[in-house]
Amino acid sequence: MQFGIFSVGDVTPDPTTGRTPTERERIKAMVAIALKAEEVGLDVFATGEHHNPPFVPSSPTTMLGYIAARTERLILSTATTLITTNDPVKIAEDYAMLQHLADGRVDLMLGRGNTAPVYPWFGKDIRQGINLAIENYALLHRLWREDVVDWEGRFRTPLRGFTSTPRPLDGVPPFVWHGSIRSPEIAEQAAYYGDGFFHNNIFWPPDHTRRMVELYRTRYAHYGHGTPEQAIVGLGGHVFMRKNSQDAVREFRPYFDVAPVYGHGPSLEEFTARTPLTVGSPQQVIEKTLTFRDYAGDYQRQLFLIDHAGLPLKTVLEQIDMLGEEVVPVLREEFARRRPAGVPDAPTHASLRAAGANAEEKAGGEAERKAGEKTGERAGETAGRKE
Amino acid sequence: MRLVVVSAGLSVPSSTRLLADRLAAATAGRAPAEVDTRVIELRELAVEIAHGLTSGFPGPALESALDAVTEADGLIVVTPVFSASYSGLFKSFFDVLGARDQEALTGTPVLIAATGGTARHSLVLDHALRPLFAHLRAVVVPTGVYAASEDWGAEGLPERIERAAGELVVLMTGTAAGREAPRAEPGRPGEPEGAGKPGRNGGFTVVPFEEQLAAPHR
């Protein structure tokens with residue numbers, strides 16, 4: 001199972017000091033967070049993509065490329081890459097380029113984006129959000145798998161004889177997660193392709209997450225990719241920890257109460273009772289996170305939101321230290337102990353390359369066998385009798 | 001038949017609730033079958049409605065109310081007139097409902113009613129409530145019932161209540177009879193796998209991906 005950090009990349013004032021970081025500070029902080037994630041043994045760092053203030057990460061592959069150069073093992077991902085307003089051709093190129101630079105340590109999570117004006121700013125119509133996601137991904141999927149693409153669709157100019165370069169590393173396209181919070185169409189899309197499905201459950205009660213994941217798992221099996229239990233599921237989570245849970249609550253409450261996303265709504269206590277948010281000791285985080293599999297099944301990727309609500313970088317890095325030292329090692333062990341045989345790990349470049357090589361070998365063997373049969377046919381009855 | 005009454009009165013007792021109860025009783029009295037009536041007092045849900053707007057998901061009591069409204073065969077909605085329109089709480093309830101499921105009231109017969117201090121605001125029914133429920137694709141009965149303070153001591157109100165209730169019953173009878181199986185059954189994990197069984201898809205209606213792929217070209 002993979003554990004990691006996902007960042008929205010918001011520039012939010014620290015409510016306890018009133019200080020707002022500069023964009024440069026925030027961007028550098030995101031890099032520091034990624035480096036810390038690798039240092040403490042986490043598996044994944046994923047950045048958001050936004051095209052409006054107060055968010056900084058408009059150019060994910062630039063940031064991830066920089067992080068790639070400074071890390072060795074960390075998988076670089078996104079949360080999410082906008083499949084609606086980005087040109088799928090540019091996504092194909094950018095992430096294949098990143099794949100080469102990062103030696104395959106790349107996957108991405110596609111999402112639609114819910115900021116209405118971003119669509120018209122990029123020449124799109126938000127009412128076509130689902131259709132854009134479907135058509136654009138259908139093209140992206142082909143661009144990474146076919147060397148020369150002829151294509152015509154509704155939302156971009158046609159392609160004649162187009163080759164997206166560089167070709168994916170080792171001929172293995174980056175693994176794709178489809179992220180959606182409440183659109184069954186996207187769970188269906190993920191299932192159809194046999195891709196991963198990421199449910200960012202952080203603001204949602206368990207029952208909603210259960211339904212979305214169940215839909216994806218059922219349809220994954222329907223499309224013949226495996227059993228429902230073999231589908232590739234990722235979940236979010238957000239935590240704030242201190243050794244003593246009272247200290248965690250005391251320190252986090254001023255951030256929670258005015259946070260742009262959940263401030264001024266239900267209380268911290270109500271929120272922790274009804275959503276995955278955990279504010280408490282590392283042990284409480286472990287216990288809460290283990291409950292996710294009760295409603296989502298055994299899953300492959302757990303991403304934590306840590307750097308939000310204006311928390312200072314120093315605090316965030318302490319949180320990641322605690323995750324790496326006290327939480328994730330226990331979670332790895334406990335999830336592994338509970339997981340039945342046959343539930344796969346999240347695909348990586350290495351595993352996909354190996355699977356591809358296997359498939360090729362099989363296909364090669366098949367072709368040889370068929371060729372042999374033909375020869376046999378030509379040779380006449382003898383070969384036929386042998387079978 | 002499931003009748004749900006939404007009352008947005010704020011005081012206890014309130015004339016809004018009084019009107020709501022009169023309308024519900026008249027409806028039950030005219031119905032050909034037994035009527036299962038549930039009254040939802042929005043006052044009790046006020047905090048959860050506000051939280052629903054800010055956090056995006058309903059609290060448990062609000063969720064139960066939204067479910068009841070979604071599954072109703074008929075709806076009676078009554079709001080006090082505030083600042084020449086329905087109350088903000090009344091609107092917020094239906095905002096939360098629509099945000100959760102924009103089809104929640106599609107085809108549901110709705111009797112609209114309002115109370116006010118004076119009869120001068122009686123057109124609020126036709127200028128505010130009727131368009132709101134038209135937007136929600138509900139079927140609004142022709143007679144709306146407005147009760148100003150003075151109506152409680154004057155002629156005409158009981159007749160309007162009866163007429164509106166009669167219209168609602170006619171529509172509800174049709175709806176209850178023609179109602180299909182519930183759209184979204186909650187899923188049941190742990191159930192043995194069976195293709196096409198409702199519930200195995202998390203309760204969602206699935207549009208097969210091939211159809212979705214073809215959609216942009218239609």
# chains A, B, ... in the order shown; residues from 1 in each chain; ligands from 1
call {"tool": "interface_residues", "arguments": {"of": "chain A", "to": "chain B", "cutoff": "9 Å", "atoms": "only C-alpha atoms", "output": "PyMOL selection string"}}
result
chain A and resi 128+130-132+134-135+138+153-155+184-185+188-189+191-192+203-205+208+210-219+222+261-266+274+295
call {"tool": "residues_around", "arguments": {"residues": "Val35 in chain B", "least_positions_apart": "6", "cutoff": "8 Å", "atoms": "only C-alpha atoms", "output": "list of chain:residue names"}}
result
B:Met1, B:Arg2, B:Leu3, B:Ala28
call {"tool": "write_last_selection", "arguments": {"atoms": "all heavy atoms", "output": "PDB file, in the first residue's frame"}}
result
ATOM      1  N   MET B   1     -50.073   6.563   0.858  1.00  0.00           N
ATOM      2  CA  MET B   1     -49.420   7.675   0.161  1.00  0.00           C
ATOM      3  C   MET B   1     -48.614   8.487   1.152  1.00  0.00           C
ATOM      4  O   MET B   1     -49.049   8.756   2.256  1.00  0.00           O
ATOM      5  CB  MET B   1     -50.487   8.572  -0.477  1.00  0.00           C
ATOM      6  CG  MET B   1     -51.170   7.924  -1.647  1.00  0.00           C
ATOM      7  SD  MET B   1     -52.106   9.109  -2.618  1.00  0.00           S
ATOM      8  CE  MET B   1     -53.467   9.447  -1.516  1.00  0.00           C
ATOM      9  N   ARG B   2     -47.429   8.867   0.701  1.00  0.00           N
ATOM     10  CA  ARG B   2     -46.541   9.611   1.603  1.00  0.00           C
ATOM     11  C   ARG B   2     -46.678  11.106   1.364  1.00  0.00           C
ATOM     12  O   ARG B   2     -46.349  11.615   0.289  1.00  0.00           O
ATOM     13  CB  ARG B   2     -45.097   9.175   1.375  1.00  0.00           C
ATOM     14  CG  ARG B   2     -44.801   7.768   1.867  1.00  0.00           C
ATOM     15  CD  ARG B   2     -43.518   7.239   1.287  1.00  0.00           C
ATOM     16  NE  ARG B   2     -43.625   7.100  -0.172  1.00  0.00           N
ATOM     17  CZ  ARG B   2     -42.712   6.522  -0.925  1.00  0.00           C
ATOM     18  NH1 ARG B   2     -41.593   6.070  -0.387  1.00  0.00           N
ATOM     19  NH2 ARG B   2     -42.885   6.411  -2.223  1.00  0.00           N
ATOM     20  N   LEU B   3     -47.180  11.775   2.368  1.00  0.00           N
ATOM     21  CA  LEU B   3     -47.330  13.223   2.296  1.00  0.00           C
ATOM     22  C   LEU B   3     -46.299  13.854   3.222  1.00  0.00           C
ATOM     23  O   LEU B   3     -46.197  13.490   4.397  1.00  0.00           O
ATOM     24  CB  LEU B   3     -48.743  13.630   2.740  1.00  0.00           C
ATOM     25  CG  LEU B   3     -49.009  15.136   2.854  1.00  0.00           C
ATOM     26  CD1 LEU B   3     -48.946  15.802   1.484  1.00  0.00           C
ATOM     27  CD2 LEU B   3     -50.376  15.386   3.507  1.00  0.00           C
ATOM     28  N   ALA B  28     -55.344  14.719   3.793  1.00  0.00           N
ATOM     29  CA  ALA B  28     -55.560  13.361   4.288  1.00  0.00           C
ATOM     30  C   ALA B  28     -57.044  13.015   4.243  1.00  0.00           C
ATOM     31  O   ALA B  28     -57.426  11.890   3.908  1.00  0.00           O
ATOM     32  CB  ALA B  28     -55.023  13.229   5.706  1.00  0.00           C
TER      33      ALA B  28
END
call {"tool": "select_by_dssp", "arguments": {"residues": "range 259-385 of chain A", "states": "strand (DSSP E)", "output": "PyMOL selection string"}}
result
chain A and resi 278-280+301-304
call {"tool": "write_last_selection", "arguments": {"atoms": "all heavy atoms", "output": "mmCIF file, in the first residue's frame"}}
result
data_model
loop_
_atom_site.group_PDB
_atom_site.id
_atom_site.type_symbol
_atom_site.label_atom_id
_atom_site.label_comp_id
_atom_site.auth_asym_id
_atom_site.auth_seq_id
_atom_site.Cartn_x
_atom_site.Cartn_y
_atom_site.Cartn_z
ATOM 1 N N THR A 278 -9.013 13.782 11.299
ATOM 2 C CA THR A 278 -8.615 13.351 12.638
ATOM 3 C C THR A 278 -7.702 14.402 13.242
ATOM 4 O O THR A 278 -6.684 14.770 12.648
ATOM 5 C CB THR A 278 -7.849 12.017 12.606
ATOM 6 O OG1 THR A 278 -8.550 11.122 11.744
ATOM 7 C CG2 THR A 278 -7.773 11.412 13.997
ATOM 8 N N VAL A 279 -8.064 14.887 14.395
ATOM 9 C CA VAL A 279 -7.219 15.811 15.140
ATOM 10 C C VAL A 279 -6.972 15.135 16.482
ATOM 11 O O VAL A 279 -7.906 15.001 17.285
ATOM 12 C CB VAL A 279 -7.913 17.171 15.328
ATOM 13 C CG1 VAL A 279 -7.004 18.139 16.081
ATOM 14 C CG2 VAL A 279 -8.311 17.750 13.974
ATOM 15 N N GLY A 280 -5.745 14.687 16.697
ATOM 16 C CA GLY A 280 -5.497 13.946 17.926
ATOM 17 C C GLY A 280 -4.107 13.342 17.933
ATOM 18 O O GLY A 280 -3.187 13.861 17.300
ATOM 19 N N ARG A 301 -3.949 3.249 -2.126
ATOM 20 C CA ARG A 301 -3.208 4.504 -1.923
ATOM 21 C C ARG A 301 -3.939 5.380 -0.918
ATOM 22 O O ARG A 301 -5.144 5.612 -1.043
ATOM 23 C CB ARG A 301 -3.040 5.245 -3.243
ATOM 24 C CG ARG A 301 -2.387 6.615 -3.089
ATOM 25 C CD ARG A 301 -2.095 7.265 -4.420
ATOM 26 N NE ARG A 301 -0.922 6.659 -5.070
ATOM 27 C CZ ARG A 301 -0.379 7.120 -6.201
ATOM 28 N NH1 ARG A 301 -0.902 8.173 -6.799
ATOM 29 N NH2 ARG A 301 0.674 6.527 -6.711
ATOM 30 N N GLN A 302 -3.195 5.852 0.054
ATOM 31 C CA GLN A 302 -3.736 6.755 1.061
ATOM 32 C C GLN A 302 -2.942 8.054 1.028
ATOM 33 O O GLN A 302 -1.747 8.066 1.312
ATOM 34 C CB GLN A 302 -3.642 6.112 2.455
ATOM 35 C CG GLN A 302 -3.999 7.038 3.610
ATOM 36 C CD GLN A 302 -5.451 7.476 3.580
ATOM 37 O OE1 GLN A 302 -6.361 6.654 3.484
ATOM 38 N NE2 GLN A 302 -5.689 8.778 3.622
ATOM 39 N N LEU A 303 -3.610 9.143 0.649
ATOM 40 C CA LEU A 303 -2.947 10.449 0.626
ATOM 41 C C LEU A 303 -3.494 11.323 1.753
ATOM 42 O O LEU A 303 -4.707 11.390 1.965
ATOM 43 C CB LEU A 303 -3.184 11.146 -0.720
ATOM 44 C CG LEU A 303 -2.630 10.451 -1.965
ATOM 45 C CD1 LEU A 303 -2.867 11.314 -3.197
ATOM 46 C CD2 LEU A 303 -1.141 10.140 -1.817
ATOM 47 N N PHE A 304 -2.583 11.974 2.449
ATOM 48 C CA PHE A 304 -2.998 12.864 3.536
ATOM 49 C C PHE A 304 -2.833 14.322 3.128
ATOM 50 O O PHE A 304 -1.815 14.704 2.545
ATOM 51 C CB PHE A 304 -2.148 12.609 4.788
ATOM 52 C CG PHE A 304 -2.409 11.280 5.443
ATOM 53 C CD1 PHE A 304 -1.503 10.243 5.312
ATOM 54 C CD2 PHE A 304 -3.569 11.072 6.177
ATOM 55 C CE1 PHE A 304 -1.738 9.004 5.915
ATOM 56 C CE2 PHE A 304 -3.812 9.835 6.786
ATOM 57 C CZ PHE A 304 -2.893 8.804 6.654
#
call {"tool": "residues_around", "arguments": {"residues": "range 157-166 of chain B", "least_positions_apart": "3", "cutoff": "10 Å", "atoms": "only C-alpha atoms", "output": "count of residues only"}}
result
32
call {"tool": "atom_distance", "arguments": {"atom1": "CA of Glu49 in chain A", "atom2": "CA of Gly9 in chain A"}}
result
8.1 Å
call {"tool": "atom_distance", "arguments": {"atom1": "CA of Gln230 in chain A", "atom2": "CA of Val343 in chain A"}}
result
5.2 Å
call {"tool": "residues_around", "arguments": {"residues": "Pro168 in chain A", "least_positions_apart": "2", "cutoff": "10 Å", "atoms": "only C-alpha atoms", "output": "list in words"}}
result
Ala92, Glu93, Tyr95, Ala96, Met97, Leu98, Gln99, His100, Gly104, Leu143, Trp144, Arg145, Ser164, Thr165, Pro166, Asp170, Gly171, Val172, Pro173 and Pro174 of chain A
call {"tool": "write_last_selection", "arguments": {"atoms": "C-alpha atoms", "output": "short mmCIF file (atom, residue, chain, number, x, y, z; two decimals), in the first residue's frame"}}
result
data_model
loop_
_atom_site.label_atom_id
_atom_site.label_comp_id
_atom_site.auth_asym_id
_atom_site.auth_seq_id
_atom_site.Cartn_x
_atom_site.Cartn_y
_atom_site.Cartn_z
CA ALA A 92 0.46 13.56 -23.00
CA GLU A 93 3.68 15.41 -23.79
CA TYR A 95 3.82 13.85 -18.32
CA ALA A 96 5.76 11.62 -20.71
CA MET A 97 8.61 14.13 -20.47
CA LEU A 98 8.36 14.07 -16.69
CA GLN A 99 8.34 10.27 -16.76
CA HIS A 100 11.70 10.19 -18.54
CA GLY A 104 9.27 6.41 -14.28
CA LEU A 143 -1.69 9.33 -27.57
CA TRP A 144 0.28 7.32 -25.03
CA ARG A 145 -0.47 3.98 -26.69
CA SER A 164 3.13 12.72 -29.14
CA THR A 165 6.76 13.01 -28.05
CA PRO A 166 8.58 11.85 -26.08
CA ASP A 170 9.73 2.01 -21.89
CA GLY A 171 6.45 2.20 -23.83
CA VAL A 172 4.59 2.25 -20.51
CA PRO A 173 2.07 5.09 -20.12
CA PRO A 174 1.91 6.70 -16.66
#
call {"tool": "atom_distance", "arguments": {"atom1": "CA of Ile186 in chain A", "atom2": "CA of Leu136 in chain B"}}
result
25.1 Å
call {"tool": "select_by_dssp", "arguments": {"residues": "range 58-208 of chain B", "states": "helix (DSSP H, G or I)", "output": "ChimeraX atom specification"}}
result
/B:60-71,88-100,119-121,124-135,149-153,157-178
call {"tool": "residues_around", "arguments": {"residues": "Asp150 in chain A", "least_positions_apart": "4", "cutoff": "10 Å", "atoms": "only C-alpha atoms", "output": "PyMOL selection string"}}
result
chain A and resi 139+142-143+146+158-163
call {"tool": "residues_around", "arguments": {"residues": "range 233-246 of chain A", "least_positions_apart": "3", "cutoff": "7 Å", "atoms": "only C-alpha atoms", "output": "NGL selection string"}}
result
:A and (196-202 or 249-250 or 252 or 276-282 or 285 or 299-306 or 319)
call {"tool": "closest_residue", "arguments": {"among": "B:Ala8, B:Leu75, B:Ser14, B:His121", "to": "Thr37 in chain B", "atoms": "only C-alpha atoms"}}
result
B:Leu75
